[in-house]
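Pasting data.txt here (compact mmCIF, C-alpha atoms and all ligand atoms):
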# COMPACT_ATOMS: atom_id res chain seq x y z
CA MET A 28 -16.12 0.29 -45.90
CA THR A 29 -19.63 -1.02 -45.46
CA GLY A 30 -22.69 -0.23 -47.55
CA TYR A 31 -26.32 -0.37 -46.45
CA ARG A 32 -29.03 -0.55 -49.10
CA ALA A 33 -32.47 0.66 -48.00
CA SER A 34 -34.69 3.69 -48.30
CA LEU A 35 -32.76 6.63 -46.89
CA LEU A 36 -33.82 9.75 -45.00
CA ARG A 37 -31.51 12.68 -44.28
CA PHE A 38 -31.74 16.48 -44.11
CA ALA A 39 -30.41 19.40 -46.12
CA ASP A 40 -28.86 22.32 -44.22
CA ASP A 41 -32.17 24.21 -44.44
CA ALA A 42 -34.00 21.30 -42.69
CA THR A 43 -35.60 19.98 -45.90
CA PRO A 44 -35.90 16.20 -45.76
CA GLN A 45 -34.12 14.31 -48.52
CA PHE A 46 -35.35 10.85 -49.43
CA ASP A 47 -34.00 8.07 -51.60
CA ALA A 48 -36.52 5.27 -52.14
CA ASP A 49 -33.70 2.90 -53.12
CA GLY A 50 -30.75 4.41 -51.32
CA LEU A 51 -27.19 3.50 -50.43
CA LEU A 52 -25.36 4.56 -47.29
CA VAL A 53 -21.59 4.07 -47.42
CA VAL A 54 -19.78 4.04 -44.08
CA ASP A 55 -16.03 4.38 -43.66
CA ASP A 56 -15.37 2.07 -40.74
CA THR A 57 -11.58 2.12 -40.80
CA PRO A 58 -10.52 0.87 -37.36
CA GLY A 59 -9.09 3.36 -34.89
CA ARG A 60 -11.54 6.24 -35.33
CA THR A 61 -15.26 6.87 -35.16
CA PRO A 62 -16.86 5.52 -38.35
CA VAL A 63 -18.34 8.24 -40.56
CA VAL A 64 -20.67 8.46 -43.54
CA LEU A 65 -18.67 8.56 -46.75
CA ALA A 66 -21.58 8.85 -49.13
CA ALA A 67 -25.37 8.74 -49.07
CA GLY A 68 -27.79 8.85 -51.97
CA ASP A 69 -29.51 6.98 -54.74
CA HIS A 70 -28.26 3.40 -55.03
CA ALA A 71 -28.11 3.31 -58.82
CA ALA A 72 -26.09 6.53 -58.92
CA LEU A 73 -23.70 5.69 -56.06
CA ALA A 74 -23.08 1.96 -56.32
CA PRO A 75 -20.82 2.13 -59.43
CA ARG A 76 -18.42 4.37 -57.50
CA TYR A 77 -17.81 1.62 -54.93
CA PRO A 78 -17.03 -1.61 -56.82
CA GLY A 79 -16.58 -4.56 -54.50
CA LEU A 80 -18.31 -2.77 -51.60
CA ALA A 81 -19.78 -5.19 -49.05
CA VAL A 82 -23.45 -4.18 -48.97
CA GLN A 83 -26.04 -5.19 -46.41
CA ASP A 84 -29.31 -5.52 -48.24
CA LEU A 85 -31.98 -3.91 -46.07
CA ARG A 86 -34.49 -3.15 -48.81
CA GLY A 87 -37.99 -2.75 -47.43
CA HIS A 88 -36.56 -0.77 -44.51
CA LEU A 89 -35.90 2.92 -43.93
CA ILE A 90 -32.50 4.08 -42.70
CA ALA A 91 -32.69 7.39 -40.84
CA PRO A 92 -30.35 9.35 -38.57
CA GLY A 93 -30.19 8.17 -34.96
CA PHE A 94 -32.50 10.32 -32.86
CA VAL A 95 -31.08 13.06 -30.63
CA ASP A 96 -32.85 13.62 -27.29
CA LEU A 97 -32.15 17.20 -26.30
CA HIS A 98 -33.23 16.89 -22.67
CA VAL A 99 -33.80 13.81 -20.52
CA HIS A 100 -33.14 12.77 -16.90
CA TYR A 101 -31.64 9.29 -16.72
CA PRO A 102 -32.25 9.10 -12.93
CA GLN A 103 -35.96 9.66 -13.57
CA THR A 104 -36.35 6.45 -15.57
CA ASP A 105 -38.41 5.07 -12.66
CA VAL A 106 -40.30 8.34 -12.08
CA ILE A 107 -42.25 8.12 -15.37
CA GLY A 108 -45.98 8.34 -14.75
CA ALA A 109 -45.83 9.83 -11.24
CA PRO A 110 -49.03 11.83 -10.87
CA ALA A 111 -48.94 15.30 -9.31
CA ALA A 112 -50.90 18.53 -9.41
CA GLY A 113 -48.01 20.20 -11.21
CA LEU A 114 -44.25 20.59 -11.45
CA LEU A 115 -43.40 21.68 -7.89
CA PRO A 116 -45.34 18.96 -6.00
CA TRP A 117 -44.07 16.43 -8.55
CA LEU A 118 -40.48 17.42 -7.72
CA GLU A 119 -41.05 17.41 -3.98
CA ASN A 120 -43.10 14.23 -3.64
CA TYR A 121 -41.57 11.96 -6.26
CA THR A 122 -38.49 13.26 -7.98
CA PHE A 123 -36.26 14.53 -5.19
CA PRO A 124 -36.87 11.47 -2.95
CA HIS A 125 -36.09 9.19 -5.88
CA GLU A 126 -32.97 11.07 -6.96
CA SER A 127 -31.55 10.84 -3.43
CA ARG A 128 -30.80 7.17 -4.18
CA PHE A 129 -28.13 8.08 -6.72
CA HIS A 130 -25.40 8.71 -4.16
CA ASP A 131 -24.95 4.92 -4.45
CA ALA A 132 -22.67 4.23 -7.44
CA GLY A 133 -23.94 0.68 -7.91
CA TYR A 134 -27.55 1.76 -7.95
CA ALA A 135 -26.75 4.60 -10.36
CA ARG A 136 -24.91 2.27 -12.75
CA GLY A 137 -27.81 -0.18 -12.77
CA VAL A 138 -30.25 2.56 -13.76
CA ALA A 139 -27.79 4.01 -16.30
CA ASP A 140 -27.40 0.62 -17.99
CA PHE A 141 -31.15 0.20 -18.21
CA PHE A 142 -31.55 3.78 -19.47
CA PHE A 143 -29.04 3.41 -22.32
CA ASP A 144 -30.44 0.05 -23.38
CA GLU A 145 -33.86 1.68 -23.47
CA LEU A 146 -32.60 4.67 -25.49
CA LEU A 147 -31.01 2.35 -28.03
CA ARG A 148 -34.09 0.16 -28.27
CA HIS A 149 -35.98 3.32 -29.18
CA GLY A 150 -33.38 4.50 -31.71
CA VAL A 151 -31.93 7.35 -29.66
CA THR A 152 -28.17 7.56 -30.19
CA THR A 153 -27.30 10.91 -28.58
CA ALA A 154 -28.77 12.50 -25.47
CA LEU A 155 -28.18 15.58 -23.37
CA THR A 156 -29.00 14.18 -19.97
CA PHE A 157 -29.37 15.35 -16.40
CA ALA A 158 -27.67 13.18 -13.80
CA THR A 159 -28.37 13.96 -10.11
CA SER A 160 -26.46 16.13 -7.66
CA HIS A 161 -24.23 13.15 -6.80
CA VAL A 162 -20.85 12.81 -8.49
CA ALA A 163 -21.39 9.04 -8.54
CA SER A 164 -24.42 9.50 -10.78
CA VAL A 165 -22.33 11.34 -13.37
CA ASN A 166 -19.52 8.80 -13.41
CA ALA A 167 -22.04 5.96 -13.72
CA ALA A 168 -23.69 7.58 -16.75
CA PHE A 169 -20.42 8.39 -18.52
CA GLU A 170 -19.06 4.89 -17.93
CA ALA A 171 -22.24 3.29 -19.23
CA ALA A 172 -22.26 5.54 -22.33
CA GLN A 173 -18.55 5.02 -22.97
CA SER A 174 -18.92 1.24 -22.90
CA ARG A 175 -21.58 1.55 -25.63
CA GLY A 176 -19.55 3.97 -27.76
CA LEU A 177 -22.22 6.68 -27.57
CA ARG A 178 -21.96 10.39 -28.18
CA PHE A 179 -23.43 11.54 -24.91
CA ILE A 180 -23.53 14.62 -22.67
CA THR A 181 -24.35 14.86 -18.98
CA GLY A 182 -23.44 16.75 -15.83
CA LYS A 183 -23.77 16.92 -12.08
CA VAL A 184 -26.91 18.74 -11.00
CA LEU A 185 -26.26 21.92 -9.02
CA GLN A 186 -28.90 22.55 -6.33
CA ASP A 187 -27.65 24.11 -3.11
CA ARG A 188 -30.94 25.42 -1.69
CA HIS A 189 -34.67 24.74 -1.49
CA SER A 190 -33.87 21.07 -1.89
CA PRO A 191 -34.25 18.32 0.72
CA ASP A 192 -31.44 16.47 2.48
CA GLY A 193 -30.11 13.79 0.19
CA VAL A 194 -30.09 15.89 -2.96
CA ARG A 195 -29.03 19.34 -1.76
CA ASP A 196 -25.34 20.03 -2.43
CA ASP A 197 -22.77 22.42 -0.99
CA THR A 198 -22.05 25.58 -2.96
CA GLU A 199 -18.28 25.48 -2.99
CA GLN A 200 -17.91 21.70 -3.23
CA SER A 201 -20.46 21.53 -6.07
CA LEU A 202 -18.35 23.88 -8.17
CA LEU A 203 -15.12 22.02 -7.40
CA ASP A 204 -16.83 18.75 -8.30
CA THR A 205 -18.12 20.24 -11.55
CA GLU A 206 -14.67 21.39 -12.62
CA ALA A 207 -13.09 18.04 -11.72
CA LEU A 208 -15.78 16.21 -13.74
CA ILE A 209 -15.21 18.50 -16.73
CA GLN A 210 -11.51 17.69 -16.61
CA ARG A 211 -12.12 13.98 -16.23
CA TRP A 212 -14.79 13.48 -18.89
CA HIS A 213 -15.26 16.35 -21.34
CA GLY A 214 -13.91 15.37 -24.76
CA VAL A 215 -13.02 11.84 -23.72
CA ASP A 216 -14.08 9.50 -26.57
CA ARG A 217 -17.49 10.79 -27.64
CA LEU A 218 -18.44 12.21 -24.24
CA GLY A 219 -19.17 15.81 -23.30
CA TYR A 220 -19.88 17.65 -20.08
CA ALA A 221 -22.81 19.96 -19.31
CA ILE A 222 -22.80 22.46 -16.44
CA THR A 223 -26.19 21.66 -14.90
CA PRO A 224 -27.93 24.08 -12.54
CA ARG A 225 -31.25 22.30 -11.88
CA PHE A 226 -33.21 25.57 -12.20
CA ALA A 227 -32.74 29.01 -10.71
CA PRO A 228 -35.02 28.46 -7.66
CA THR A 229 -32.80 25.68 -6.27
CA SER A 230 -29.48 27.50 -6.64
CA THR A 231 -28.12 30.37 -4.58
CA PRO A 232 -26.81 33.38 -6.47
CA ALA A 233 -23.31 32.21 -5.47
CA GLN A 234 -23.82 28.83 -7.12
CA LEU A 235 -25.21 30.37 -10.30
CA ARG A 236 -22.32 32.84 -10.36
CA GLY A 237 -19.83 29.99 -10.01
CA ALA A 238 -21.59 28.04 -12.75
CA GLY A 239 -21.37 31.08 -15.02
CA GLU A 240 -17.67 31.44 -14.32
CA LEU A 241 -17.07 27.81 -15.23
CA ALA A 242 -19.14 28.32 -18.39
CA ALA A 243 -16.88 31.23 -19.35
CA ASN A 244 -13.69 29.29 -18.62
CA TYR A 245 -14.82 26.16 -20.50
CA ALA A 246 -16.48 27.61 -23.59
CA ASP A 247 -17.08 24.33 -25.42
CA VAL A 248 -18.73 22.69 -22.43
CA TRP A 249 -22.55 22.63 -22.56
CA ILE A 250 -24.97 24.26 -20.10
CA GLN A 251 -28.37 22.73 -19.35
CA SER A 252 -31.20 23.84 -17.12
CA HIS A 253 -34.96 24.42 -17.00
CA VAL A 254 -36.85 27.67 -17.57
CA ALA A 255 -40.38 29.03 -17.88
CA GLU A 256 -42.08 25.66 -17.53
CA ASN A 257 -44.78 26.28 -14.95
CA LEU A 258 -46.54 29.39 -13.63
CA ASP A 259 -45.86 28.64 -9.93
CA GLU A 260 -42.20 28.03 -10.74
CA ILE A 261 -41.99 31.34 -12.59
CA ARG A 262 -43.56 33.24 -9.71
CA TRP A 263 -41.09 31.63 -7.30
CA ALA A 264 -38.09 32.44 -9.49
CA GLY A 265 -39.29 36.04 -9.69
CA GLU A 266 -39.47 36.30 -5.89
CA LEU A 267 -35.99 34.85 -5.48
CA PHE A 268 -34.33 36.97 -8.18
CA PRO A 269 -36.30 40.24 -8.12
CA GLN A 270 -33.47 42.18 -9.69
CA SER A 271 -33.63 40.21 -12.95
CA ARG A 272 -35.98 41.34 -15.73
CA SER A 273 -37.46 37.87 -16.10
CA TYR A 274 -36.84 34.25 -15.13
CA LEU A 275 -34.84 33.69 -18.32
CA ALA A 276 -32.91 36.92 -17.76
CA THR A 277 -31.75 35.55 -14.40
CA TYR A 278 -29.66 33.00 -16.26
CA GLY A 279 -28.31 35.71 -18.53
CA ASP A 280 -27.39 37.82 -15.50
CA PHE A 281 -25.18 34.96 -14.27
CA GLY A 282 -23.50 34.29 -17.63
CA LEU A 283 -25.51 31.17 -18.38
CA LEU A 284 -26.97 32.14 -21.76
CA ARG A 285 -24.68 31.40 -24.67
CA GLU A 286 -24.13 28.95 -27.53
CA ARG A 287 -24.38 25.37 -26.25
CA ALA A 288 -26.78 26.39 -23.48
CA VAL A 289 -29.92 24.25 -23.63
CA TYR A 290 -33.01 25.28 -21.66
CA ALA A 291 -35.85 22.82 -21.26
CA HIS A 292 -39.43 24.02 -21.81
CA CYS A 293 -39.31 27.80 -22.61
CA ILE A 294 -43.11 27.90 -22.56
CA HIS A 295 -44.18 31.05 -20.72
CA MET A 296 -41.89 33.61 -22.33
CA ASP A 297 -42.36 37.10 -23.65
CA ALA A 298 -40.92 38.69 -26.77
CA ALA A 299 -37.85 40.00 -24.91
CA ASP A 300 -37.10 36.50 -23.58
CA ARG A 301 -37.32 34.98 -27.03
CA ALA A 302 -35.13 37.74 -28.43
CA GLN A 303 -32.58 37.04 -25.68
CA MET A 304 -32.60 33.33 -26.52
CA ALA A 305 -31.99 34.15 -30.19
CA SER A 306 -29.30 36.78 -29.62
CA THR A 307 -27.30 34.71 -27.11
CA GLY A 308 -27.52 31.47 -29.10
CA ALA A 309 -29.19 29.61 -26.24
CA VAL A 310 -31.66 26.96 -27.41
CA ALA A 311 -34.94 25.44 -26.25
CA ALA A 312 -35.46 21.75 -25.56
CA VAL A 313 -39.13 21.32 -26.42
CA SER A 314 -40.58 18.59 -24.22
CA PRO A 315 -44.18 18.06 -25.29
CA THR A 316 -45.06 14.80 -23.50
CA SER A 317 -43.76 16.29 -20.26
CA ASN A 318 -45.59 19.56 -20.76
CA LEU A 319 -48.84 17.73 -21.46
CA PHE A 320 -48.38 15.26 -18.58
CA LEU A 321 -47.51 17.89 -15.96
CA GLY A 322 -50.03 20.37 -17.36
CA SER A 323 -47.29 22.94 -17.85
CA GLY A 324 -48.48 24.52 -21.10
CA PHE A 325 -47.69 24.60 -24.80
CA PHE A 326 -44.43 25.62 -26.45
CA ASP A 327 -45.19 28.42 -28.91
CA TYR A 328 -43.59 27.35 -32.19
CA ALA A 329 -44.88 30.35 -34.12
CA ALA A 330 -43.40 32.83 -31.63
CA ALA A 331 -40.11 30.93 -31.48
CA ASP A 332 -39.83 30.93 -35.27
CA ALA A 333 -40.70 34.62 -35.45
CA ALA A 334 -37.95 35.40 -32.90
CA GLY A 335 -35.36 33.25 -34.70
CA MET A 336 -34.98 31.09 -31.60
CA ARG A 337 -33.51 27.62 -32.12
CA TYR A 338 -35.04 24.49 -30.65
CA GLY A 339 -35.17 20.72 -30.81
CA LEU A 340 -37.20 17.90 -29.33
CA ALA A 341 -36.75 16.17 -26.01
CA SER A 342 -38.42 13.38 -24.05
CA ASP A 343 -37.82 14.97 -20.63
CA VAL A 344 -38.31 11.56 -19.02
CA GLY A 345 -39.47 11.26 -16.25
CA GLY A 346 -41.71 14.38 -16.47
CA GLY A 347 -42.04 13.10 -20.03
CA THR A 348 -43.98 9.91 -20.51
CA SER A 349 -42.00 8.04 -23.16
CA PHE A 350 -38.51 7.33 -24.45
CA SER A 351 -39.99 6.93 -27.92
CA PRO A 352 -39.10 9.69 -30.40
CA PHE A 353 -42.27 8.75 -32.28
CA HIS A 354 -44.40 9.53 -29.24
CA THR A 355 -42.50 12.79 -28.69
CA MET A 356 -42.91 13.87 -32.33
CA LEU A 357 -46.63 13.11 -32.19
CA ALA A 358 -47.03 15.11 -28.97
CA ALA A 359 -45.11 17.98 -30.59
CA TYR A 360 -47.56 17.85 -33.47
CA TYR A 361 -50.48 18.19 -31.04
CA VAL A 362 -48.73 21.10 -29.31
CA GLY A 363 -47.96 22.72 -32.66
CA ARG A 364 -51.66 22.50 -33.56
CA GLU A 365 -52.47 24.48 -30.41
CA ASN A 366 -50.66 27.64 -31.42
CA HIS A 367 -50.57 27.19 -35.17
CA THR A 368 -54.36 27.15 -35.14
CA LYS A 369 -54.00 30.91 -35.09
CA THR A 370 -51.99 30.92 -38.31
CA GLY A 371 -53.61 27.96 -40.02
CA LEU A 372 -50.25 26.21 -40.27
CA SER A 373 -49.16 23.04 -38.55
CA LEU A 374 -45.85 21.29 -38.21
CA SER A 375 -44.94 19.07 -41.13
CA PRO A 376 -43.80 15.50 -40.45
CA GLY A 377 -40.42 16.28 -41.99
CA HIS A 378 -39.95 19.22 -39.65
CA LEU A 379 -40.98 17.17 -36.62
CA TRP A 380 -38.44 14.52 -37.60
CA TRP A 381 -35.78 17.20 -38.16
CA GLN A 382 -36.43 18.60 -34.66
CA HIS A 383 -35.53 15.20 -33.19
CA THR A 384 -32.45 14.60 -35.40
CA ALA A 385 -30.54 17.25 -37.38
CA GLY A 386 -32.34 20.12 -35.65
CA ALA A 387 -31.54 18.83 -32.18
CA ALA A 388 -27.93 18.25 -33.27
CA GLN A 389 -27.76 21.83 -34.56
CA ALA A 390 -29.14 23.07 -31.23
CA LEU A 391 -26.24 21.26 -29.53
CA GLY A 392 -23.69 22.74 -31.93
CA LEU A 393 -23.18 19.22 -33.31
CA GLN A 394 -24.48 19.81 -36.84
CA GLY A 395 -22.49 17.73 -39.30
CA VAL A 396 -21.48 15.43 -36.44
CA VAL A 397 -24.65 13.58 -35.42
CA GLY A 398 -28.36 13.72 -36.24
CA ASN A 399 -27.88 13.46 -40.00
CA LEU A 400 -26.50 11.11 -42.64
CA GLN A 401 -24.70 13.57 -44.85
CA PRO A 402 -21.08 12.72 -45.72
CA GLY A 403 -18.83 13.37 -42.73
CA CYS A 404 -21.47 12.64 -40.09
CA GLU A 405 -20.70 9.97 -37.55
CA ALA A 406 -22.36 6.69 -38.45
CA ASP A 407 -25.19 6.63 -35.89
CA PHE A 408 -28.41 5.52 -37.51
CA VAL A 409 -31.60 3.52 -37.17
CA VAL A 410 -33.06 0.85 -39.40
CA LEU A 411 -36.84 1.20 -39.32
CA ASN A 412 -39.47 -1.27 -40.47
CA PRO A 413 -42.43 0.61 -41.96
CA LYS A 414 -44.44 -2.65 -41.79
CA ALA A 415 -43.76 -3.31 -38.10
CA THR A 416 -47.45 -3.69 -37.22
CA PRO A 417 -50.43 -4.72 -39.35
CA LEU A 418 -51.84 -1.20 -39.26
CA LEU A 419 -48.49 0.38 -40.15
CA ALA A 420 -48.03 -2.06 -43.01
CA ARG A 421 -51.48 -1.15 -44.29
CA LYS A 422 -50.96 2.60 -43.89
CA THR A 423 -47.42 2.82 -45.26
CA ALA A 424 -48.34 0.70 -48.28
CA GLN A 425 -50.82 3.44 -49.19
CA ALA A 426 -48.42 6.33 -48.63
CA ASP A 427 -48.16 8.41 -51.81
CA SER A 428 -45.58 10.87 -50.58
CA LEU A 429 -42.72 11.22 -48.11
CA ASP A 430 -45.00 13.29 -45.85
CA GLU A 431 -47.55 10.50 -45.76
CA LEU A 432 -44.89 7.88 -44.99
CA LEU A 433 -43.33 9.94 -42.19
CA PHE A 434 -46.70 10.86 -40.76
CA ALA A 435 -47.77 7.20 -40.64
CA LEU A 436 -44.59 6.39 -38.70
CA ILE A 437 -44.98 9.36 -36.33
CA VAL A 438 -48.63 8.66 -35.57
CA LEU A 439 -48.48 4.86 -35.39
CA GLY A 440 -44.82 4.14 -34.61
CA ASP A 441 -42.97 3.21 -31.45
CA ASP A 442 -40.11 0.87 -30.48
CA ARG A 443 -41.59 -1.91 -32.62
CA VAL A 444 -40.54 0.07 -35.71
CA VAL A 445 -36.88 0.19 -34.68
CA VAL A 446 -35.34 -3.05 -35.89
CA ARG A 447 -31.72 -2.02 -35.46
CA THR A 448 -29.81 0.89 -33.93
CA VAL A 449 -26.28 1.41 -35.23
CA VAL A 450 -23.85 3.40 -33.07
CA ALA A 451 -20.54 4.39 -34.60
CA GLY A 452 -21.00 1.81 -37.34
CA ARG A 453 -21.73 -1.01 -34.88
N1 LIG B 1 -37.46 21.82 -13.04
C1 LIG B 1 -36.50 21.56 -12.12
N2 LIG B 1 -36.22 20.25 -12.06
C2 LIG B 1 -37.00 19.66 -12.97
C3 LIG B 1 -37.15 18.30 -13.39
O1 LIG B 1 -36.52 17.38 -12.89
N3 LIG B 1 -38.07 18.08 -14.37
C4 LIG B 1 -38.80 19.08 -14.94
N4 LIG B 1 -39.67 18.79 -15.90
N5 LIG B 1 -38.67 20.35 -14.57
C5 LIG B 1 -37.78 20.64 -13.59
ZN ZN B 2 -36.18 18.20 -17.29
Would you write out, as structure tokens, the structure that this file holds?
Ligand code: GUN
Ligand code: ZN
Amino acid sequence: MTGYRASLLRFADDATPQFDADGLLVVDDTPGRTPVVLAAGDHAALAPRYPGLAVQDLRGHLIAPGFVDLHVHYPQTDVIGAPAAGLLPWLENYTFPHESRFHDAGYARGVADFFFDELLRHGVTTALTFATSHVASVNAAFEAAQSRGLRFITGKVLQDRHSPDGVRDDTEQSLLDTEALIQRWHGVDRLGYAITPRFAPTSTPAQLRGAGELAANYADVWIQSHVAENLDEIRWAGELFPQSRSYLATYGDFGLLRERAVYAHCIHMDAADRAQMASTGAVAAVSPTSNLFLGSGFFDYAAADAAGMRYGLASDVGGGTSFSPFHTMLAAYYVGRENHTKTGLSLSPGHLWWQHTAGAAQALGLQGVVGNLQPGCEADFVVLNPKATPLLARKTAQADSLDELLFALIVLGDDRVVVRTVVAGR
């Protein structure tokens, strides 16, 4: 067992942040299995229960759950900051040409290694990630994640039409490849597979039908895609699938809305769409830096809450502009202001933080596994320095409440705050 003494942040089941100013985190790191949290709480109350415990003294720091990125594209690491009029020209002019390079396993592994090092530097310990349409890109990502001991989910992108040579795949082969990858990787160590139709416009009905059949046969495999991000995209999806009630409903019509189905963006939805998200258990990956950068729109938190729709935060690199959860939480705050202006409410710092940790884990069906530091959770956490910059030191020294401390970190924080990222106790 190992103890860590520092301030401690974790979340109750109802998303309420719990804070111990002088906390103790006790990790059971018995060799041979993934280390888990044995106890977390006030140091004075807990320490007597663990006489002789080896304790790392990290006082002055804040230990918090490792961040969970609900939607990111590792092959778009080098696409960050590509300017375009909107989503569709961005895909055509930058993203598809770049992704065509990932047929090369060596190239893919180089980017994957950089990507994971970057995630860890930013305190992100679990990600649901797009690969590309190339099998090699999936193997590269899983191998790189496995070597770092990460809990990580990815999948081969399915896109058998309206995609250029070099990224377009073959309908039948794409489904065979998907099933072979599920069998090779899903449930190995801490790895999981996600069936990954890019978005409805780049898949034939046959490919979506096949994806839905795989989703039914492998119920604990994830599904990830994009929906209702951009008005031109929505118009296009409507032309291609006129028989579906809406863009979102298209996915439902092919069996792709269920628990463990994660849809990026979910911006331009109506009440029936939100009700369908809630009733099927599908979840939204809110990607505010991407939505602001590509001019896609604003996720409607108030409407999502009213519908009982679940969601969590995502970087969506490379439409998104940063790997930093602090930048993403701040952008989500701006977006929340947009629609909460109507109600006079705005997102609290604790709720923003929850959306990027325990909330995102819950959206993945991994509550009690990652994204929190309650007993039983896997020991993935970050050690944060609230005095990482002169301005942060000044601001956090004046914080009179947990909200003020968390807000200072969200508004002023970035990778400089993350002094250590611990994955599975290491
Ligand atoms: N829709 C389809 N593909 C993509 C992608 O790569 N990024 C974003 N933001 N939206 C998409
Ligand atoms: Zn995306």
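Take the candidates A:Val64, A:Val99, A:Leu177, A:Ile107 and check each one against Thr159 in chain A using all atoms listed in the file; the shortest distance goes to A:Val99.
The closest residue to ligand LIG 1 (chain B), picked from A:Ala158, A:Leu379, A:Ala424, A:Val165 and counting all atoms listed in the file, is A:Ala158.
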Quiz item: Which of these, A:Pro269, A:Gly377, A:Pro102, A:Gly279, has the shortest distance to ligand ZN 2 (chain B) once you count only C-alpha atoms and all ligand atoms?
Solution: A:Pro102
Quiz item: Which is closer to Cys404 in chain A than all the others in A:Ala388, A:Arg272, A:Lys183, A:Val438, using only C-alpha atoms?
Solution: A:Ala388
Would you mind listing, for every residue of chain A within 7 Å of ligand ZN 2 (chain B), the two atoms forming the shortest contact and the distance between them in Å to one decimal, using only C-alpha atoms and all ligand atoms, sorted by chain and ascending residue number, as JSON lines?
{"residue": "A:His98", "atom": "CA", "partner": "B:ZN2", "partner_atom": "ZN", "distance": 6.3}
{"residue": "A:Val99", "atom": "CA", "partner": "B:ZN2", "partner_atom": "ZN", "distance": 5.9}
{"residue": "A:His100", "atom": "CA", "partner": "B:ZN2", "partner_atom": "ZN", "distance": 6.2}
{"residue": "A:His253", "atom": "CA", "partner": "B:ZN2", "partner_atom": "ZN", "distance": 6.3}
{"residue": "A:Ala291", "atom": "CA", "partner": "B:ZN2", "partner_atom": "ZN", "distance": 6.1}
{"residue": "A:Asp343", "atom": "CA", "partner": "B:ZN2", "partner_atom": "ZN", "distance": 4.9}
{"residue": "A:Gly346", "atom": "CA", "partner": "B:ZN2", "partner_atom": "ZN", "distance": 6.8}
Residues of chain A that approach ligand LIG 1 (chain B) to 10 Å or less, counting only C-alpha atoms and all ligand atoms: could you list each one with the shortest pair of atoms and its distance in Å to one decimal, rows by chain and increasing residue number, as a Markdown table?
| residue | atom | partner | partner_atom | distance |
| --- | --- | --- | --- | --- |
| A:His98 | CA | B:LIG1 | N4 | 9.5 |
| A:Val99 | CA | B:LIG1 | N3 | 8.6 |
| A:His100 | CA | B:LIG1 | O1 | 7.0 |
| A:Pro102 | CA | B:LIG1 | O1 | 9.3 |
| A:Gln103 | CA | B:LIG1 | O1 | 7.8 |
| A:Val106 | CA | B:LIG1 | O1 | 9.8 |
| A:Gly113 | CA | B:LIG1 | N4 | 9.7 |
| A:Leu114 | CA | B:LIG1 | N5 | 6.4 |
| A:Leu115 | CA | B:LIG1 | N1 | 7.9 |
| A:Trp117 | CA | B:LIG1 | N3 | 8.5 |
| A:Leu118 | CA | B:LIG1 | O1 | 6.5 |
| A:Glu119 | CA | B:LIG1 | N2 | 9.8 |
| A:Tyr121 | CA | B:LIG1 | O1 | 9.9 |
| A:Thr122 | CA | B:LIG1 | O1 | 6.7 |
| A:Phe123 | CA | B:LIG1 | O1 | 8.2 |
| A:Glu126 | CA | B:LIG1 | O1 | 9.4 |
| A:Phe157 | CA | B:LIG1 | O1 | 8.2 |
| A:Ala158 | CA | B:LIG1 | O1 | 9.8 |
| A:Thr159 | CA | B:LIG1 | O1 | 9.3 |
| A:Val184 | CA | B:LIG1 | N2 | 9.5 |
| A:Gln186 | CA | B:LIG1 | N2 | 9.6 |
| A:Pro224 | CA | B:LIG1 | C1 | 8.9 |
| A:Arg225 | CA | B:LIG1 | C1 | 5.3 |
| A:Phe226 | CA | B:LIG1 | C1 | 5.2 |
| A:Ala227 | CA | B:LIG1 | C1 | 8.5 |
| A:Pro228 | CA | B:LIG1 | C1 | 8.3 |
| A:Thr229 | CA | B:LIG1 | C1 | 8.1 |
| A:Ser252 | CA | B:LIG1 | C1 | 7.6 |
| A:His253 | CA | B:LIG1 | N1 | 5.4 |
| A:Val254 | CA | B:LIG1 | N1 | 7.4 |
| A:Ala255 | CA | B:LIG1 | N1 | 9.2 |
| A:Glu256 | CA | B:LIG1 | N5 | 7.0 |
| A:Asn257 | CA | B:LIG1 | N5 | 8.5 |
| A:Glu260 | CA | B:LIG1 | N1 | 8.1 |
| A:Ala291 | CA | B:LIG1 | N5 | 7.7 |
| A:His292 | CA | B:LIG1 | N4 | 7.9 |
| A:Ser314 | CA | B:LIG1 | N4 | 8.4 |
| A:Ser317 | CA | B:LIG1 | N4 | 6.5 |
| A:Asn318 | CA | B:LIG1 | N4 | 7.7 |
| A:Phe320 | CA | B:LIG1 | N4 | 9.8 |
| A:Leu321 | CA | B:LIG1 | N4 | 7.9 |
| A:Ser323 | CA | B:LIG1 | N4 | 8.9 |
| A:Ser342 | CA | B:LIG1 | N4 | 9.9 |
| A:Asp343 | CA | B:LIG1 | N4 | 6.4 |
| A:Val344 | CA | B:LIG1 | N4 | 8.0 |
| A:Gly345 | CA | B:LIG1 | N3 | 7.2 |
| A:Gly346 | CA | B:LIG1 | N4 | 4.9 |
| A:Gly347 | CA | B:LIG1 | N4 | 7.4 |
Quiz prompt | Option closest in space to Ala48 in chain A, from A:Ala33, A:Leu319, A:Ala302, A:Ala71 [counting all atoms listed in the file] | solution = A:Ala33
Quiz prompt | Point (-39.2, 4.5, -54.4) neighbourhood (8 Å, only C-alpha atoms) written as JSON, numbers by chain | solution = {"A": [34, 47, 48, 49]}
Go ahead and dump the residues you just picked, C-alpha atoms, as a short mmCIF file (atom, residue, chain, number, x, y, z; two decimals), keeping the file's coordinate frame.
data_model
loop_
_atom_site.label_atom_id
_atom_site.label_comp_id
_atom_site.auth_asym_id
_atom_site.auth_seq_id
_atom_site.Cartn_x
_atom_site.Cartn_y
_atom_site.Cartn_z
CA SER A 34 -34.69 3.69 -48.30
CA ASP A 47 -34.00 8.07 -51.60
CA ALA A 48 -36.52 5.27 -52.14
CA ASP A 49 -33.70 2.90 -53.12
#
